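Participant: The file below is work.cif, mmCIF, C-alpha atoms, pLDDT in the B column; chains and numbers go by the auth columns:
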```
data_entry
#
loop_
_atom_site.group_PDB
_atom_site.id
_atom_site.type_symbol
_atom_site.label_atom_id
_atom_site.label_comp_id
_atom_site.label_asym_id
_atom_site.label_seq_id
_atom_site.Cartn_x
_atom_site.Cartn_y
_atom_site.Cartn_z
_atom_site.B_iso_or_equiv
_atom_site.auth_seq_id
_atom_site.auth_asym_id
ATOM 1 C CA MET A 1 22.387 -0.600 20.338 39.00 1 A
ATOM 2 C CA PRO A 2 19.737 -0.943 23.067 43.00 2 A
ATOM 3 C CA ILE A 3 16.233 -1.933 22.038 41.00 3 A
ATOM 4 C CA ASP A 4 14.825 1.405 23.204 46.00 4 A
ATOM 5 C CA SER A 5 17.129 3.201 20.780 43.00 5 A
ATOM 6 C CA GLU A 6 16.102 0.905 17.926 46.00 6 A
ATOM 7 C CA ARG A 7 12.465 1.605 18.776 50.00 7 A
ATOM 8 C CA ASP A 8 13.186 5.338 18.811 46.00 8 A
ATOM 9 C CA ILE A 9 14.808 5.124 15.377 42.00 9 A
ATOM 10 C CA ALA A 10 11.880 3.116 14.010 49.00 10 A
ATOM 11 C CA ALA A 11 9.435 5.634 15.482 47.00 11 A
ATOM 12 C CA THR A 12 11.323 8.529 13.904 43.00 12 A
ATOM 13 C CA ASN A 13 11.418 6.781 10.515 48.00 13 A
ATOM 14 C CA LEU A 14 7.701 6.038 10.690 52.00 14 A
ATOM 15 C CA GLU A 15 6.946 9.602 11.675 53.00 15 A
ATOM 16 C CA ALA A 16 9.029 11.036 8.840 55.00 16 A
ATOM 17 C CA GLY A 17 7.730 8.776 6.100 79.00 17 A
ATOM 18 C CA GLY A 18 4.518 7.543 7.636 84.00 18 A
ATOM 19 C CA GLN A 19 2.252 10.237 6.268 86.00 19 A
ATOM 20 C CA ILE A 20 3.697 9.794 2.784 90.00 20 A
ATOM 21 C CA LEU A 21 3.177 6.050 3.054 91.00 21 A
ATOM 22 C CA LEU A 22 -0.459 6.571 4.043 93.00 22 A
ATOM 23 C CA MET A 23 -0.930 8.960 1.130 94.00 23 A
ATOM 24 C CA LEU A 24 0.427 6.324 -1.261 95.00 24 A
ATOM 25 C CA TYR A 25 -2.031 3.760 0.068 97.00 25 A
ATOM 26 C CA ASP A 26 -4.847 6.311 -0.220 97.00 26 A
ATOM 27 C CA GLY A 27 -3.884 7.059 -3.820 97.00 27 A
ATOM 28 C CA ALA A 28 -3.766 3.404 -4.839 98.00 28 A
ATOM 29 C CA ILE A 29 -7.145 2.749 -3.225 98.00 29 A
ATOM 30 C CA ARG A 30 -8.682 5.839 -4.834 98.00 30 A
ATOM 31 C CA PHE A 31 -7.392 4.869 -8.296 98.00 31 A
ATOM 32 C CA LEU A 32 -8.838 1.380 -7.905 98.00 32 A
ATOM 33 C CA HIS A 33 -12.239 2.750 -6.956 98.00 33 A
ATOM 34 C CA GLU A 34 -12.045 4.961 -10.051 98.00 34 A
ATOM 35 C CA ALA A 35 -11.101 1.901 -12.128 97.00 35 A
ATOM 36 C CA LYS A 36 -14.215 0.105 -10.918 97.00 36 A
ATOM 37 C CA VAL A 37 -16.418 3.073 -11.837 97.00 37 A
ATOM 38 C CA ALA A 38 -14.764 3.248 -15.253 97.00 38 A
ATOM 39 C CA GLN A 39 -15.336 -0.476 -15.801 94.00 39 A
ATOM 40 C CA GLU A 40 -19.019 -0.097 -14.938 94.00 40 A
ATOM 41 C CA SER A 41 -19.222 2.766 -17.470 95.00 41 A
ATOM 42 C CA ASN A 42 -17.451 0.708 -20.141 94.00 42 A
ATOM 43 C CA ARG A 43 -14.515 3.149 -20.127 95.00 43 A
ATOM 44 C CA THR A 44 -11.744 0.607 -20.504 94.00 44 A
ATOM 45 C CA ASP A 45 -9.204 3.325 -21.332 96.00 45 A
ATOM 46 C CA ILE A 46 -9.780 5.011 -17.965 97.00 46 A
ATOM 47 C CA ARG A 47 -9.956 1.659 -16.143 97.00 47 A
ATOM 48 C CA THR A 48 -6.620 0.638 -17.629 97.00 48 A
ATOM 49 C CA ALA A 49 -4.990 3.962 -16.751 97.00 49 A
ATOM 50 C CA ARG A 50 -6.218 3.820 -13.137 98.00 50 A
ATOM 51 C CA ILE A 51 -5.104 0.231 -12.711 98.00 51 A
ATOM 52 C CA HIS A 52 -1.672 1.146 -14.079 98.00 52 A
ATOM 53 C CA ARG A 53 -1.423 4.033 -11.624 98.00 53 A
ATOM 54 C CA SER A 54 -2.259 1.702 -8.737 98.00 54 A
ATOM 55 C CA GLN A 55 0.280 -0.826 -9.989 98.00 55 A
ATOM 56 C CA ALA A 56 2.911 1.919 -10.132 97.00 56 A
ATOM 57 C CA ILE A 57 2.202 2.911 -6.530 97.00 57 A
ATOM 58 C CA ILE A 58 2.325 -0.693 -5.350 97.00 58 A
ATOM 59 C CA SER A 59 5.578 -1.199 -7.280 97.00 59 A
ATOM 60 C CA GLU A 60 7.022 1.857 -5.553 95.00 60 A
ATOM 61 C CA LEU A 61 5.932 0.542 -2.154 94.00 61 A
ATOM 62 C CA ARG A 62 7.644 -2.722 -3.027 94.00 62 A
ATOM 63 C CA ALA A 63 10.827 -0.981 -4.166 93.00 63 A
ATOM 64 C CA THR A 64 11.145 0.973 -0.933 90.00 64 A
ATOM 65 C CA LEU A 65 11.005 -2.039 1.386 91.00 65 A
ATOM 66 C CA GLN A 66 14.028 -2.076 3.662 89.00 66 A
ATOM 67 C CA HIS A 67 14.821 -5.775 3.852 88.00 67 A
ATOM 68 C CA GLU A 68 17.882 -5.214 6.029 90.00 68 A
ATOM 69 C CA THR A 69 15.788 -3.538 8.741 87.00 69 A
ATOM 70 C CA ALA A 70 12.949 -6.076 9.006 86.00 70 A
ATOM 71 C CA PRO A 71 13.644 -9.030 6.705 89.00 71 A
ATOM 72 C CA GLU A 72 10.643 -11.198 7.643 93.00 72 A
ATOM 73 C CA LEU A 73 8.126 -8.357 7.454 90.00 73 A
ATOM 74 C CA CYS A 74 9.569 -7.141 4.166 90.00 74 A
ATOM 75 C CA GLN A 75 9.460 -10.631 2.693 94.00 75 A
ATOM 76 C CA GLN A 76 5.770 -10.912 3.583 94.00 76 A
ATOM 77 C CA LEU A 77 4.961 -7.428 2.262 94.00 77 A
ATOM 78 C CA ASP A 78 6.908 -8.141 -0.916 95.00 78 A
ATOM 79 C CA ALA A 79 4.831 -11.277 -1.504 96.00 79 A
ATOM 80 C CA LEU A 80 1.609 -9.319 -0.897 96.00 80 A
ATOM 81 C CA TYR A 81 2.675 -6.526 -3.238 97.00 81 A
ATOM 82 C CA CYS A 82 3.555 -9.062 -5.972 98.00 82 A
ATOM 83 C CA PHE A 83 0.197 -10.777 -5.463 98.00 83 A
ATOM 84 C CA MET A 84 -1.641 -7.448 -5.754 98.00 84 A
ATOM 85 C CA ILE A 85 0.215 -6.454 -8.922 98.00 85 A
ATOM 86 C CA ASP A 86 -0.638 -9.837 -10.427 98.00 86 A
ATOM 87 C CA GLN A 87 -4.303 -9.489 -9.434 98.00 87 A
ATOM 88 C CA LEU A 88 -4.455 -6.071 -11.096 98.00 88 A
ATOM 89 C CA ARG A 89 -2.876 -7.483 -14.249 97.00 89 A
ATOM 90 C CA LEU A 90 -5.539 -10.191 -14.220 97.00 90 A
ATOM 91 C CA ALA A 91 -8.311 -7.612 -13.698 96.00 91 A
ATOM 92 C CA ASN A 92 -7.041 -5.572 -16.605 93.00 92 A
ATOM 93 C CA GLU A 93 -6.699 -8.535 -18.962 94.00 93 A
ATOM 94 C CA SER A 94 -10.042 -10.134 -18.079 94.00 94 A
ATOM 95 C CA ASN A 95 -12.162 -6.989 -17.669 91.00 95 A
ATOM 96 C CA ASN A 96 -13.158 -8.384 -14.280 92.00 96 A
ATOM 97 C CA ILE A 97 -13.475 -6.158 -11.218 93.00 97 A
ATOM 98 C CA ALA A 98 -13.376 -9.014 -8.666 96.00 98 A
ATOM 99 C CA PRO A 99 -9.546 -8.971 -8.454 97.00 99 A
ATOM 100 C CA ILE A 100 -9.716 -5.193 -7.948 97.00 100 A
ATOM 101 C CA ASP A 101 -11.929 -5.750 -4.907 98.00 101 A
ATOM 102 C CA VAL A 102 -9.407 -8.252 -3.544 98.00 102 A
ATOM 103 C CA VAL A 103 -6.612 -5.698 -3.893 98.00 103 A
ATOM 104 C CA ILE A 104 -8.688 -2.897 -2.355 98.00 104 A
ATOM 105 C CA ASN A 105 -9.375 -5.090 0.688 98.00 105 A
ATOM 106 C CA ILE A 106 -5.682 -5.900 1.124 98.00 106 A
ATOM 107 C CA LEU A 107 -4.672 -2.253 0.704 98.00 107 A
ATOM 108 C CA ASP A 108 -7.331 -1.165 3.209 97.00 108 A
ATOM 109 C CA ASP A 109 -6.003 -3.657 5.765 96.00 109 A
ATOM 110 C CA LEU A 110 -2.382 -2.640 5.190 95.00 110 A
ATOM 111 C CA ARG A 111 -3.272 1.048 5.376 95.00 111 A
ATOM 112 C CA SER A 112 -5.070 0.521 8.692 94.00 112 A
ATOM 113 C CA ALA A 113 -2.071 -1.306 10.123 92.00 113 A
ATOM 114 C CA TRP A 114 0.358 1.385 8.973 90.00 114 A
ATOM 115 C CA ARG A 115 -1.945 4.151 10.235 91.00 115 A
ATOM 116 C CA HIS A 116 -1.929 2.499 13.655 91.00 116 A
ATOM 117 C CA ALA A 117 1.880 2.186 13.588 86.00 117 A
ATOM 118 C CA VAL A 118 2.307 5.825 12.513 83.00 118 A
ATOM 119 C CA HIS A 119 -0.015 7.112 15.240 82.00 119 A
ATOM 120 C CA GLU A 120 1.762 4.942 17.793 82.00 120 A
ATOM 121 C CA ALA A 121 5.153 6.286 16.645 75.00 121 A
ATOM 122 C CA GLU A 122 3.874 9.865 16.803 73.00 122 A
ATOM 123 C CA GLY A 123 2.563 9.266 20.321 72.00 123 A
ATOM 124 C CA GLU A 124 5.879 7.789 21.503 59.00 124 A
ATOM 125 C CA SER A 125 7.918 10.628 20.078 51.00 125 A
ATOM 126 C CA SER A 126 5.640 13.307 21.503 48.00 126 A
ATOM 127 C CA VAL A 127 6.146 12.114 25.081 43.00 127 A
ATOM 128 C CA GLU A 128 9.920 11.925 24.807 44.00 128 A
ATOM 129 C CA PRO A 129 12.065 14.978 25.581 39.00 129 A
#
```
Give the structure from the file, written as structure tokens.
Facilitator:
Amino acid sequence: MPIDSERDIAATNLEAGGQILLMLYDGAIRFLHEAKVAQESNRTDIRTARIHRSQAIISELRATLQHETAPELCQQLDALYCFMIDQLRLANESNNIAPIDVVINILDDLRSAWRHAVHEAEGESSVEP
């Protein structure tokens, strides 16, 4: 299969699932901001629930990695997702918001990169016949 065709397939896949992927990142980030507010208000029940929701989203992102398509990228993302889940577990157990900030920063960076890739894929597909 020529490289252009592989790029076209990747662009189509990004376009189809890209907006959902961005929404998942947005949700995880939003829940973590809510967890921080809950921690500051001494609402550990809400903090715990929001952290668990973020962990569930990150776990889903991890589960949907397509290792056969991009093994090196998926291996790196998998390691990041595992690190983030572990940081959130630590935040929950220690009542410390510092690990939450670490995870928010990583998610923000990943979301920006995916947003760029999605917009690039949308631009490529819109100029093709």
Participant: Excluding Thr48 in chain A and residues on its chain fewer than 6 positions from it, collect all residues at most 9 Å away from it, counting only C-alpha atoms, and give them as a ChimeraX atom specification.
Facilitator: /A:35,38-39,92
Participant: Residues of range 19-94 of chain A that approach range 104-128 of chain A to 10 Å or less, counting all atoms listed in the file: could you list each one with the shortest pair of atoms and its distance in Å to one decimal, rows by chain and increasing residue number, as a Markdown table?
Facilitator:
```
| residue | atom | partner | partner_atom | distance |
| --- | --- | --- | --- | --- |
| A:Gln19 | CA | A:Val118 | CA | 7.6 |
| A:Leu21 | CA | A:Trp114 | CA | 8.0 |
| A:Leu22 | CA | A:Arg111 | CA | 6.3 |
| A:Met23 | CA | A:Arg111 | CA | 9.3 |
| A:Leu24 | CA | A:Arg111 | CA | 9.3 |
| A:Tyr25 | CA | A:Arg111 | CA | 6.1 |
| A:Asp26 | CA | A:Arg111 | CA | 7.8 |
| A:Ala28 | CA | A:Leu107 | CA | 8.0 |
| A:Ile29 | CA | A:Ile104 | CA | 5.9 |
| A:Arg30 | CA | A:Ile104 | CA | 9.1 |
| A:Phe31 | CA | A:Ile104 | CA | 9.9 |
| A:Leu32 | CA | A:Ile104 | CA | 7.0 |
| A:His33 | CA | A:Ile104 | CA | 8.1 |
| A:Ile58 | CA | A:Leu107 | CA | 9.4 |
| A:Leu77 | CA | A:Leu110 | CA | 9.2 |
| A:Leu80 | CA | A:Ile106 | CA | 8.3 |
| A:Tyr81 | CA | A:Leu107 | CA | 9.4 |
| A:Met84 | CA | A:Ile106 | CA | 8.1 |
```
Participant: One decimal, Å: what's the distance from CA of Gln87 in chain A over to CA of Pro99 in chain A, could you say?
Facilitator: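 Distance reported for this atom pair: 5.4 Å.
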Participant: Between CA of Ala63 in chain A and CA of Ser94 in chain A, what is the distance, to one decimal in Å?
Facilitator: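 According to the coordinates, CA of Ala63 in chain A and CA of Ser94 in chain A are separated by 26.7 Å.
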Participant: What is the distance, in Å and to one decimal place, between CA of Ile85 in chain A and CA of Gln66 in chain A?
Facilitator: 19.2 Å
Participant: Mind giving me the axis-aligned box for range 23-30 of chain A with 5 Å on every side, centre plus edges in Å to one decimal, as JSON?
Facilitator:
```
{"center_x": -4.1, "center_y": 5.9, "center_z": -1.9, "size_x": 19.1, "size_y": 16.2, "size_z": 16.0}
```
Participant: Once the PyMOL selection byres ((chain A and resi 44) around 12) has been evaluated on this model, what residues remain selected, and can you format them as a PyMOL selection string?
Facilitator: chain A and resi 34-43+45-52+91-97
Participant: Give the answer as one residue: which of A:Ile20, A:Val103, A:Leu65, A:Leu73 has the shortest atom-to-atom distance to Leu88 in chain A, using all atoms listed in the file?
Facilitator: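 Checking each candidate against Leu88 in chain A, we get A:Val103 as the closest.
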